[in-house]
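Text of structure.tsv, listed as TSV, C-alpha atoms and all ligand atoms:
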chain	number	residue	atom	x	y	z
A	692	MET	CA	-19.58	-34.21	32.97
A	693	ARG	CA	-20.68	-35.62	29.65
A	694	PRO	CA	-18.12	-35.99	26.91
A	695	LEU	CA	-18.74	-33.67	24.00
A	696	LEU	CA	-19.42	-35.20	20.64
A	697	LEU	CA	-18.19	-32.69	18.15
A	698	GLY	CA	-17.94	-33.43	14.47
A	699	ALA	CA	-15.04	-31.92	12.63
A	700	PRO	CA	-16.48	-29.27	10.34
A	701	LEU	CA	-15.39	-29.40	6.76
A	702	LEU	CA	-13.42	-26.48	5.48
A	703	ALA	CA	-15.60	-24.01	3.68
A	704	VAL	CA	-12.65	-23.25	1.45
A	705	ILE	CA	-12.80	-26.67	-0.13
A	706	LEU	CA	-16.46	-26.27	-0.87
A	707	LEU	CA	-16.15	-22.81	-2.38
A	708	ALA	CA	-13.28	-23.93	-4.57
A	709	ALA	CA	-15.43	-26.77	-5.88
A	710	CYS	CA	-18.42	-24.58	-6.73
A	711	SER	CA	-19.60	-24.27	-10.29
A	712	SER	CA	-19.29	-20.99	-12.11
A	713	ASP	CA	-22.88	-19.85	-11.59
A	714	ASP	CA	-23.00	-16.83	-9.33
A	715	GLU	CA	-26.48	-17.20	-7.92
A	716	GLY	CA	-25.30	-18.49	-4.57
A	717	GLY	CA	-27.13	-21.01	-2.47
A	718	GLY	CA	-26.85	-24.66	-3.27
A	719	LYS	CA	-27.82	-28.00	-1.88
A	720	VAL	CA	-27.00	-29.79	1.33
A	721	ASN	CA	-27.79	-33.41	2.11
A	722	VAL	CA	-28.69	-33.93	5.75
A	723	VAL	CA	-28.89	-37.24	7.58
A	724	LEU	CA	-30.80	-37.45	10.85
A	725	ARG	CA	-30.22	-40.49	13.02
A	726	GLU	CA	-29.91	-41.64	16.60
A	727	TRP	CA	-28.01	-39.67	17.74
A	728	ALA	CA	-26.41	-37.28	15.30
A	729	ILE	CA	-27.03	-34.91	12.43
A	730	ASP	CA	-24.60	-35.11	9.54
A	731	THR	CA	-24.32	-32.88	6.50
A	732	ASP	CA	-22.29	-33.42	3.34
A	733	VAL	CA	-21.27	-29.76	3.35
A	734	SER	CA	-20.93	-27.50	6.38
A	735	SER	CA	-21.16	-24.21	4.52
A	736	LEU	CA	-22.89	-22.70	1.50
A	737	PRO	CA	-23.11	-19.18	0.08
A	738	GLU	CA	-26.20	-17.12	0.86
A	739	GLY	CA	-29.22	-17.66	-1.36
A	740	ASP	CA	-31.70	-20.44	-1.94
A	741	ILE	CA	-30.44	-23.44	-0.04
A	742	GLU	CA	-32.05	-26.79	-0.70
A	743	PHE	CA	-32.07	-29.14	2.28
A	744	GLU	CA	-32.60	-32.76	1.37
A	745	VAL	CA	-33.16	-34.51	4.68
A	746	LYS	CA	-33.15	-38.23	5.32
A	747	ASN	CA	-34.18	-39.85	8.58
A	748	GLU	CA	-32.07	-42.98	8.98
A	749	GLY	CA	-33.57	-43.68	12.40
A	750	PRO	CA	-33.46	-46.52	12.98
A	751	ASP	CA	-36.48	-46.00	15.20
A	752	GLU	CA	-37.37	-42.45	16.02
A	753	ASP	CA	-39.17	-39.63	14.28
A	754	HIS	CA	-36.85	-36.65	13.85
A	755	GLU	CA	-37.14	-33.03	12.81
A	756	MET	CA	-34.64	-30.43	11.68
A	757	VAL	CA	-34.77	-26.94	13.14
A	758	ILE	CA	-32.47	-24.27	11.74
A	759	ILE	CA	-31.24	-22.05	14.56
A	760	ARG	CA	-29.36	-18.86	13.83
A	761	THR	CA	-26.83	-18.28	16.61
A	762	ASP	CA	-23.24	-17.43	17.35
A	763	LEU	CA	-23.22	-19.99	20.15
A	764	ALA	CA	-21.45	-23.32	19.78
A	765	PRO	CA	-23.70	-26.23	18.73
A	766	ASP	CA	-23.47	-27.84	22.19
A	767	LYS	CA	-23.96	-24.57	24.10
A	768	LEU	CA	-27.50	-23.57	23.13
A	769	PRO	CA	-29.84	-22.44	25.94
A	770	ILE	CA	-31.85	-25.25	27.50
A	771	GLY	CA	-35.45	-25.04	28.66
A	772	ALA	CA	-37.23	-26.80	31.51
A	773	ASP	CA	-37.74	-30.07	29.60
A	774	GLY	CA	-34.10	-30.30	28.54
A	775	SER	CA	-34.64	-29.29	24.93
A	776	VAL	CA	-33.29	-26.11	23.37
A	777	ASP	CA	-35.29	-23.04	24.37
A	778	GLU	CA	-35.99	-21.62	20.93
A	779	LYS	CA	-37.32	-18.37	22.45
A	780	ALA	CA	-34.23	-17.67	24.56
A	781	GLY	CA	-31.77	-14.89	23.89
A	782	GLY	CA	-28.86	-15.70	21.62
A	783	VAL	CA	-30.83	-18.07	19.41
A	784	THR	CA	-33.36	-17.52	16.64
A	785	ALA	CA	-35.25	-20.43	15.16
A	786	VAL	CA	-35.54	-19.36	11.54
A	787	LYS	CA	-36.88	-22.42	9.69
A	788	GLU	CA	-38.01	-25.94	10.39
A	789	ILE	CA	-38.60	-29.23	8.66
A	790	GLN	CA	-41.25	-30.95	10.70
A	791	GLU	CA	-40.68	-34.33	12.24
A	792	PHE	CA	-41.05	-37.34	10.00
A	793	GLU	CA	-40.61	-41.09	10.29
A	794	ALA	CA	-37.45	-43.15	10.17
A	795	GLY	CA	-36.74	-44.48	6.69
A	796	ARG	CA	-38.28	-41.47	4.96
A	797	LYS	CA	-37.05	-38.32	3.30
A	798	SER	CA	-38.18	-34.75	3.57
A	799	GLY	CA	-36.84	-31.46	2.42
A	800	ALA	CA	-37.36	-27.83	1.62
A	801	THR	CA	-35.60	-24.88	0.08
A	802	PHE	CA	-34.97	-21.91	2.34
A	803	THR	CA	-33.41	-18.55	1.59
A	804	LEU	CA	-30.86	-17.99	4.32
A	805	ASP	CA	-28.88	-14.87	5.12
A	806	PRO	CA	-25.16	-15.02	5.78
A	807	GLY	CA	-24.45	-16.09	9.34
A	808	LYS	CA	-23.77	-18.93	11.69
A	809	TYR	CA	-26.41	-21.56	12.20
A	810	VAL	CA	-26.90	-24.77	14.13
A	811	LEU	CA	-29.11	-27.55	12.80
A	812	ILE	CA	-30.81	-29.43	15.60
A	813	CYS	CA	-33.50	-31.97	16.29
A	814	ASN	CA	-35.43	-30.55	19.21
A	815	ARG	CA	-37.73	-33.44	19.98
A	816	VAL	CA	-38.22	-34.84	23.45
A	817	ASP	CA	-39.88	-38.19	23.87
A	818	GLU	CA	-39.93	-41.14	26.13
A	819	ARG	CA	-39.30	-44.80	25.55
A	820	ASP	CA	-39.42	-47.52	28.20
A	821	GLY	CA	-39.47	-44.84	30.86
A	822	GLU	CA	-36.33	-43.19	29.57
A	823	LYS	CA	-36.64	-39.54	28.57
A	824	MET	CA	-34.86	-38.86	25.33
A	825	VAL	CA	-33.83	-35.28	24.59
A	826	HIS	CA	-32.62	-35.57	21.03
A	827	TYR	CA	-30.53	-32.39	21.11
A	828	GLN	CA	-28.68	-33.47	24.23
A	829	LYS	CA	-28.10	-36.94	22.84
A	830	GLY	CA	-26.12	-35.36	20.02
A	831	MET	CA	-28.54	-34.22	17.32
A	832	ARG	CA	-26.86	-30.91	16.50
A	833	THR	CA	-24.37	-29.67	13.95
A	834	ALA	CA	-22.96	-26.36	12.84
A	835	PHE	CA	-23.80	-24.88	9.45
A	836	THR	CA	-22.48	-21.62	8.00
A	837	VAL	CA	-23.93	-19.40	5.31
A	838	THR	CA	-21.28	-17.20	3.78
A	839	ALA	CA	-21.71	-13.81	2.13
A	840	GLY	CA	-22.65	-14.30	-1.48
A	841	PRO	CA	-20.42	-14.09	-4.51
B	1	CU	CU	-34.58	-36.34	16.79

In structure tokens, write the structure found in this file.
Ligand SMILES: [Cu+2]
Amino acid sequence: MRPLLLGAPLLAVILLAACSSDDEGGGKVNVVLREWAIDTDVSSLPEGDIEFEVKNEGPDEDHEMVIIRTDLAPDKLPIGADGSVDEKAGGVTAVKEIQEFEAGRKSGATFTLDPGKYVLICNRVDERDGEKMVHYQKGMRTAFTVTAGP
């Protein structure tokens, strides 16, 4: 059995306490994609327009960021035939995506997300030197929560 690589989620309470006084909700999250993890500087934001600034720190691979709405744990998403997450399976809804881009570059977008539990994943599968690399299974997944607005 593989060991689970689970990041310790930050407490949403800390974030909410640090929020400015504007009551429009949303906010910004910085996301780092790398081999093999996804890290965010906040793990929760209030509902509204959420700006994702995404950096691919590689060092080698192209990565993407798919926003999956699900109540399942980040490492328990349904797997398809090729080992990647089956985005059409029950229990998961792929709501938004930042398409794959090269290591060393930045991408980003602003999405309006409803309150709920999400998992950010890279769902790429590729092969290098004969080794199949399923990015999700190698650890590219992290939980993200959108809380009910102010
Ligand atoms: Cu990836």

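Reported to one decimal place, the separation of CA of Ala780 in chain A from CA of Phe743 in chain A is 25.2 Å.
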
Taking only residues of chain A that have an atom at most 9 Å from an atom of ligand CU 1 (chain B), what is each one's shortest atom pair and its distance in Å to one decimal, using all atoms listed in the file, in chain and number order, as JSON lines?
{"residue": "A:Leu724", "atom": "CA", "partner": "B:CU1", "partner_atom": "CU", "distance": 7.1}
{"residue": "A:Arg725", "atom": "CA", "partner": "B:CU1", "partner_atom": "CU", "distance": 7.1}
{"residue": "A:Glu726", "atom": "CA", "partner": "B:CU1", "partner_atom": "CU", "distance": 7.1}
{"residue": "A:Trp727", "atom": "CA", "partner": "B:CU1", "partner_atom": "CU", "distance": 7.4}
{"residue": "A:Ala728", "atom": "CA", "partner": "B:CU1", "partner_atom": "CU", "distance": 8.4}
{"residue": "A:Ile729", "atom": "CA", "partner": "B:CU1", "partner_atom": "CU", "distance": 8.8}
{"residue": "A:Asn747", "atom": "CA", "partner": "B:CU1", "partner_atom": "CU", "distance": 8.9}
{"residue": "A:Gly749", "atom": "CA", "partner": "B:CU1", "partner_atom": "CU", "distance": 8.6}
{"residue": "A:Glu752", "atom": "CA", "partner": "B:CU1", "partner_atom": "CU", "distance": 6.8}
{"residue": "A:Asp753", "atom": "CA", "partner": "B:CU1", "partner_atom": "CU", "distance": 6.2}
{"residue": "A:His754", "atom": "CA", "partner": "B:CU1", "partner_atom": "CU", "distance": 3.7}
{"residue": "A:Glu755", "atom": "CA", "partner": "B:CU1", "partner_atom": "CU", "distance": 5.8}
{"residue": "A:Met756", "atom": "CA", "partner": "B:CU1", "partner_atom": "CU", "distance": 7.8}
{"residue": "A:Glu791", "atom": "CA", "partner": "B:CU1", "partner_atom": "CU", "distance": 7.9}
{"residue": "A:Ile812", "atom": "CA", "partner": "B:CU1", "partner_atom": "CU", "distance": 8.0}
{"residue": "A:Cys813", "atom": "CA", "partner": "B:CU1", "partner_atom": "CU", "distance": 4.5}
{"residue": "A:Asn814", "atom": "CA", "partner": "B:CU1", "partner_atom": "CU", "distance": 6.3}
{"residue": "A:Arg815", "atom": "CA", "partner": "B:CU1", "partner_atom": "CU", "distance": 5.3}
{"residue": "A:Val816", "atom": "CA", "partner": "B:CU1", "partner_atom": "CU", "distance": 7.7}
{"residue": "A:Met824", "atom": "CA", "partner": "B:CU1", "partner_atom": "CU", "distance": 8.9}
{"residue": "A:Val825", "atom": "CA", "partner": "B:CU1", "partner_atom": "CU", "distance": 7.9}
{"residue": "A:His826", "atom": "CA", "partner": "B:CU1", "partner_atom": "CU", "distance": 4.7}
{"residue": "A:Tyr827", "atom": "CA", "partner": "B:CU1", "partner_atom": "CU", "distance": 7.1}
{"residue": "A:Lys829", "atom": "CA", "partner": "B:CU1", "partner_atom": "CU", "distance": 8.9}
{"residue": "A:Met831", "atom": "CA", "partner": "B:CU1", "partner_atom": "CU", "distance": 6.4}

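With distances restricted to all atoms listed in the file, A:Arg760 is the closest residue to Gly781 in chain A from A:Gly795, A:Pro765, A:Arg760, A:Thr833.
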
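Using all atoms listed in the file, the smallest distance between any of A:Thr761, A:Asp777, A:Leu811, A:Thr803 and Glu715 in chain A comes from A:Thr803.
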
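With CA of Arg796 in chain A on one side and CA of Ser734 in chain A on the other, the separation reads 22.3 Å.
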
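For the residues A:Ala834, A:Leu736, A:Leu804, A:Ala839, ranking by smallest atom-to-atom distance to Leu768 in chain A using all atoms listed in the file places A:Ala834 first.
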
Near Asp740 in chain A, within 8 Å and counting only C-alpha atoms, which residues show up once chain neighbours fewer than 3 positions away are dropped, as a PyMOL selection string? chain A and resi 716-718+801-804

Find the smallest box with edges along x, y and z containing every listed atom of range 802-817 of chain A, then add 5 Å on each side and report centre and edge lengths in Å to one decimal, as lines of an AutoDock Vina configuration file.
center_x = -31.8
center_y = -26.5
center_z = 12.7
size_x = 26.1
size_y = 33.3
size_z = 32.3

What gap, in Å, lies between CA of Lys797 in chain A and CA of Val722 in chain A? 9.8 Å

Using only C-alpha atoms, the best pick from A:Glu822, A:Glu738, A:Asp766, A:Val745 as closest to Asn721 in chain A would be A:Val745

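For the set A:Thr836, A:Gln790, A:Ser798, A:Gln828, the residue with the smallest atom-to-atom gap to Asp762 in chain A is A:Thr836, counting only C-alpha atoms.
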
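Candidate residues A:Gly774, A:Gly799, A:Pro806, A:Gly830 were compared for distance to Val720 in chain A, and the nearest is A:Gly799, using all atoms listed in the file.
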
For range 692-814 of chain A of the block above, can you save C-alpha atoms as a compact mmCIF listing (two decimals), in the first residue's frame?
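The result, stored in part.txt:
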# COMPACT_ATOMS: atom_id res chain seq x y z
CA MET A 692 0.00 0.00 0.00
CA ARG A 693 1.29 3.44 -0.87
CA PRO A 694 1.83 5.92 1.92
CA LEU A 695 -0.55 8.83 1.78
CA LEU A 696 0.89 12.27 1.33
CA LEU A 697 -1.53 14.58 3.01
CA GLY A 698 -0.80 18.22 3.57
CA ALA A 699 -2.09 19.74 6.75
CA PRO A 700 -4.87 22.12 5.76
CA LEU A 701 -4.68 25.57 7.20
CA LEU A 702 -7.44 26.61 9.51
CA ALA A 703 -10.10 28.58 7.72
CA VAL A 704 -10.64 30.48 10.93
CA ILE A 705 -7.25 32.13 10.68
CA LEU A 706 -7.95 33.23 7.15
CA LEU A 707 -11.39 34.64 7.89
CA ALA A 708 -10.06 36.54 10.86
CA ALA A 709 -7.42 38.11 8.64
CA CYS A 710 -9.84 39.22 5.94
CA SER A 711 -10.28 42.87 5.16
CA SER A 712 -13.53 44.61 5.91
CA ASP A 713 -14.94 44.43 2.38
CA ASP A 714 -17.95 42.15 2.27
CA GLU A 715 -17.84 41.09 -1.36
CA GLY A 716 -16.44 37.67 -0.63
CA GLY A 717 -14.05 35.80 -2.85
CA GLY A 718 -10.40 36.63 -2.77
CA LYS A 719 -7.14 35.40 -4.14
CA VAL A 720 -5.26 32.15 -3.80
CA ASN A 721 -1.71 31.52 -4.95
CA VAL A 722 -1.23 27.99 -6.24
CA VAL A 723 2.07 26.25 -6.89
CA LEU A 724 2.16 23.19 -9.13
CA ARG A 725 5.24 21.03 -9.02
CA GLU A 726 6.45 17.45 -9.17
CA TRP A 727 4.64 16.09 -7.24
CA ALA A 728 2.37 18.32 -5.22
CA ILE A 729 -0.07 21.19 -5.35
CA ASP A 730 0.30 23.83 -2.67
CA THR A 731 -1.92 26.79 -1.91
CA ASP A 732 -1.25 29.74 0.39
CA VAL A 733 -4.82 29.57 1.68
CA SER A 734 -7.02 26.48 1.89
CA SER A 735 -10.33 28.30 2.11
CA LEU A 736 -12.00 31.46 0.81
CA PRO A 737 -15.54 32.83 1.02
CA GLU A 738 -17.83 32.34 -1.97
CA GLY A 739 -17.56 34.86 -4.77
CA ASP A 740 -14.98 35.73 -7.39
CA ILE A 741 -11.87 33.76 -6.58
CA GLU A 742 -8.67 34.63 -8.36
CA PHE A 743 -6.31 31.71 -8.87
CA GLU A 744 -2.75 32.72 -9.59
CA VAL A 745 -1.02 29.52 -10.62
CA LYS A 746 2.69 28.94 -10.96
CA ASN A 747 4.25 25.83 -12.44
CA GLU A 748 7.55 25.27 -10.64
CA GLY A 749 8.15 22.03 -12.53
CA PRO A 750 11.00 21.49 -12.70
CA ASP A 751 10.26 19.57 -15.88
CA GLU A 752 6.66 18.79 -16.57
CA ASP A 753 3.69 20.66 -17.96
CA HIS A 754 0.89 20.81 -15.38
CA GLU A 755 -2.74 21.81 -15.28
CA MET A 756 -5.15 22.64 -12.48
CA VAL A 757 -8.62 21.14 -12.48
CA ILE A 758 -11.11 22.26 -9.85
CA ILE A 759 -13.20 19.29 -8.75
CA ARG A 760 -16.24 19.78 -6.56
CA THR A 761 -16.59 16.75 -4.28
CA ASP A 762 -17.15 15.64 -0.73
CA LEU A 763 -14.57 12.89 -1.19
CA ALA A 764 -11.11 13.14 0.33
CA PRO A 765 -8.40 14.46 -2.02
CA ASP A 766 -6.75 11.02 -2.26
CA LYS A 767 -10.04 9.11 -2.68
CA LEU A 768 -11.32 10.42 -6.02
CA PRO A 769 -12.61 7.84 -8.54
CA ILE A 770 -9.95 6.54 -10.91
CA GLY A 771 -10.44 5.74 -14.58
CA ALA A 772 -8.81 3.11 -16.78
CA ASP A 773 -5.60 5.11 -17.34
CA GLY A 774 -5.10 5.81 -13.65
CA SER A 775 -6.17 9.44 -13.74
CA VAL A 776 -9.25 10.80 -11.99
CA ASP A 777 -12.46 9.96 -13.84
CA GLU A 778 -13.96 13.43 -14.07
CA LYS A 779 -17.29 11.99 -15.29
CA ALA A 780 -17.72 9.58 -12.38
CA GLY A 781 -20.31 9.95 -9.66
CA GLY A 782 -19.28 11.93 -6.60
CA VAL A 783 -17.10 14.36 -8.52
CA THR A 784 -17.87 17.37 -10.70
CA ALA A 785 -15.13 19.08 -12.66
CA VAL A 786 -16.25 22.69 -12.48
CA LYS A 787 -13.32 24.71 -13.87
CA GLU A 788 -9.90 24.19 -15.33
CA ILE A 789 -6.68 26.02 -16.00
CA GLN A 790 -5.17 24.29 -18.98
CA GLU A 791 -1.73 22.76 -18.83
CA PHE A 792 1.22 25.07 -19.20
CA GLU A 793 4.99 24.80 -19.09
CA ALA A 794 7.29 24.63 -16.10
CA GLY A 795 8.65 28.04 -15.15
CA ARG A 796 5.52 29.87 -16.27
CA LYS A 797 2.46 31.34 -14.63
CA SER A 798 -1.19 31.13 -15.50
CA GLY A 799 -4.38 32.09 -13.80
CA ALA A 800 -8.04 32.88 -13.95
CA THR A 801 -10.85 34.18 -11.81
CA PHE A 802 -13.74 31.82 -11.19
CA THR A 803 -16.97 32.35 -9.30
CA LEU A 804 -17.30 29.37 -7.00
CA ASP A 805 -20.25 28.33 -4.88
CA PRO A 806 -19.80 27.30 -1.27
CA GLY A 807 -18.65 23.71 -1.01
CA LYS A 808 -15.74 21.35 -0.79
CA TYR A 809 -13.32 21.15 -3.68
CA VAL A 810 -10.15 19.33 -4.61
CA LEU A 811 -7.57 20.92 -6.88
CA ILE A 812 -5.80 18.34 -9.00
CA CYS A 813 -3.49 17.97 -11.94
CA ASN A 814 -5.03 15.23 -14.04
